[in-house]
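Right, one structure below, let's go through it.
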Amino acid sequence: TLCGWVVLLPGYYGHCARFPVSDEVKESLDALHKKKIDMSDAIYVLNIDGYIGESTRSEIEYATLHNKEIIFLV
């Protein structure tokens, strides 16, 4: 944002949430996040300590298929 970019963030952080969501809600959130990728020029992957989780891996694959730039933190 400080660089003048519009930043679209995930709306739910399952790994640190205080309450679980159902599989149906998880699928809905994943689909919504992929729509955000459709709206974007690139994705920025926060691969802290080299870790990339299942959802992030799926988003990277989706972004790759849709010719989006992929930028990694490290």
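Identifiers in this document derive from the order of the structure tokens: chains are assigned A, B, ..., residues are numbered from 1 separately in each chain, and ligands are numbered from 1 in order of occurrence.
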Residues at most 9 Å from segment 56-70 of chain A, counting only C-alpha atoms, excluding those fewer than 6 positions away in the same chain, as a ChimeraX atom specification?
-> /A:30,33-34,37-38,40-45
Residues as selected, C-alpha atoms, written as a short mmCIF file (atom, residue, chain, number, x, y, z; two decimals), in the first residue's frame, can you do that?
```
data_model
loop_
_atom_site.label_atom_id
_atom_site.label_comp_id
_atom_site.auth_asym_id
_atom_site.auth_seq_id
_atom_site.Cartn_x
_atom_site.Cartn_y
_atom_site.Cartn_z
CA ASP A 30 -10.81 -20.30 -1.20
CA HIS A 33 -9.62 -15.55 -2.70
CA LYS A 34 -9.06 -16.89 -6.23
CA ILE A 37 -6.22 -13.26 -7.72
CA ASP A 38 -8.21 -12.80 -10.95
CA SER A 40 -4.69 -8.81 -9.45
CA ASP A 41 -1.56 -8.37 -11.51
CA ALA A 42 0.54 -10.42 -9.09
CA ILE A 43 0.48 -12.34 -5.84
CA TYR A 44 2.91 -11.82 -2.99
CA VAL A 45 3.68 -15.02 -1.12
#
```
Members of segment 15-60 of chain A assigned helix (DSSP H, G or I) by DSSP, as a list in words =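 Those residues are His15, Cys16, Asp23, Glu24, Val25, Lys26, Glu27, Ser28, Leu29, Asp30, Ala31, Leu32, His33, Lys34, Lys35, Lys36, Ile37, Asp38, Met39, Ile48, Asp49, Gly50, Glu54, Ser55, Thr56, Arg57, Ser58, Glu59 and Ile60 of chain A.
Interatomic distance, atom CA of Ser22 of chain A against atom CA of Gly50 of chain A: 27.7 Å.
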Separation of atom CA of Tyr51 of chain A from atom CA of Glu24 of chain A, in Å and rounded to one decimal | 25.2 Å
Just how far from atom CA of Ile71 of chain A is atom CA of Asp49 of chain A, in Å to one decimal?
->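 Between atom CA of Asp49 of chain A and atom CA of Ile71 of chain A the gap is 15.4 Å.
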Strand (DSSP E or B) residues, from DSSP on the backbone, in chain A, as number ranges by chain = A: 42-45, 69-72
Expected file contents, prior selection, C-alpha atoms, as a PDB file, in the first residue's frame:
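The file below, part-v1.pdb, is the result:
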```pdb
ATOM      1  CA  ALA A  42       0.536 -10.417  -9.089  1.00  0.00           C
ATOM      2  CA  ILE A  43       0.483 -12.342  -5.841  1.00  0.00           C
ATOM      3  CA  TYR A  44       2.913 -11.819  -2.989  1.00  0.00           C
ATOM      4  CA  VAL A  45       3.681 -15.024  -1.116  1.00  0.00           C
ATOM      5  CA  GLU A  69       3.366 -12.616 -11.500  1.00  0.00           C
ATOM      6  CA  ILE A  70       4.386 -14.466  -8.328  1.00  0.00           C
ATOM      7  CA  ILE A  71       6.621 -12.654  -5.861  1.00  0.00           C
ATOM      8  CA  PHE A  72       8.066 -14.478  -2.856  1.00  0.00           C
TER       9      PHE A  72
END
```
Do you know which residues are at most 9 Å from Lys36 of chain A counting only C-alpha atoms, after dropping those on the same chain fewer than 4 positions away, and could you put them as an NGL selection string?
-> :A and (8-10 or 31-32 or 40)
Those same residues - C-alpha atoms - I'd like them written as a short mmCIF file (atom, residue, chain, number, x, y, z; two decimals), in the first residue's frame.
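Final output, result-v3.cif:
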```cif
data_model
loop_
_atom_site.label_atom_id
_atom_site.label_comp_id
_atom_site.auth_asym_id
_atom_site.auth_seq_id
_atom_site.Cartn_x
_atom_site.Cartn_y
_atom_site.Cartn_z
CA LEU A 8 -6.20 -7.40 -1.59
CA LEU A 9 -5.74 -9.55 1.50
CA PRO A 10 -7.22 -12.88 2.53
CA ALA A 31 -13.00 -19.52 -4.23
CA LEU A 32 -13.37 -15.91 -3.13
CA SER A 40 -4.69 -8.81 -9.45
#
```
Could you tell me which of A:Ile52, A:Arg18, A:Val25, A:Val6 comes closest to Met39 of chain A if we count only C-alpha atoms?
->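 The shortest atom-to-atom distance to Met39 of chain A comes from A:Val6.
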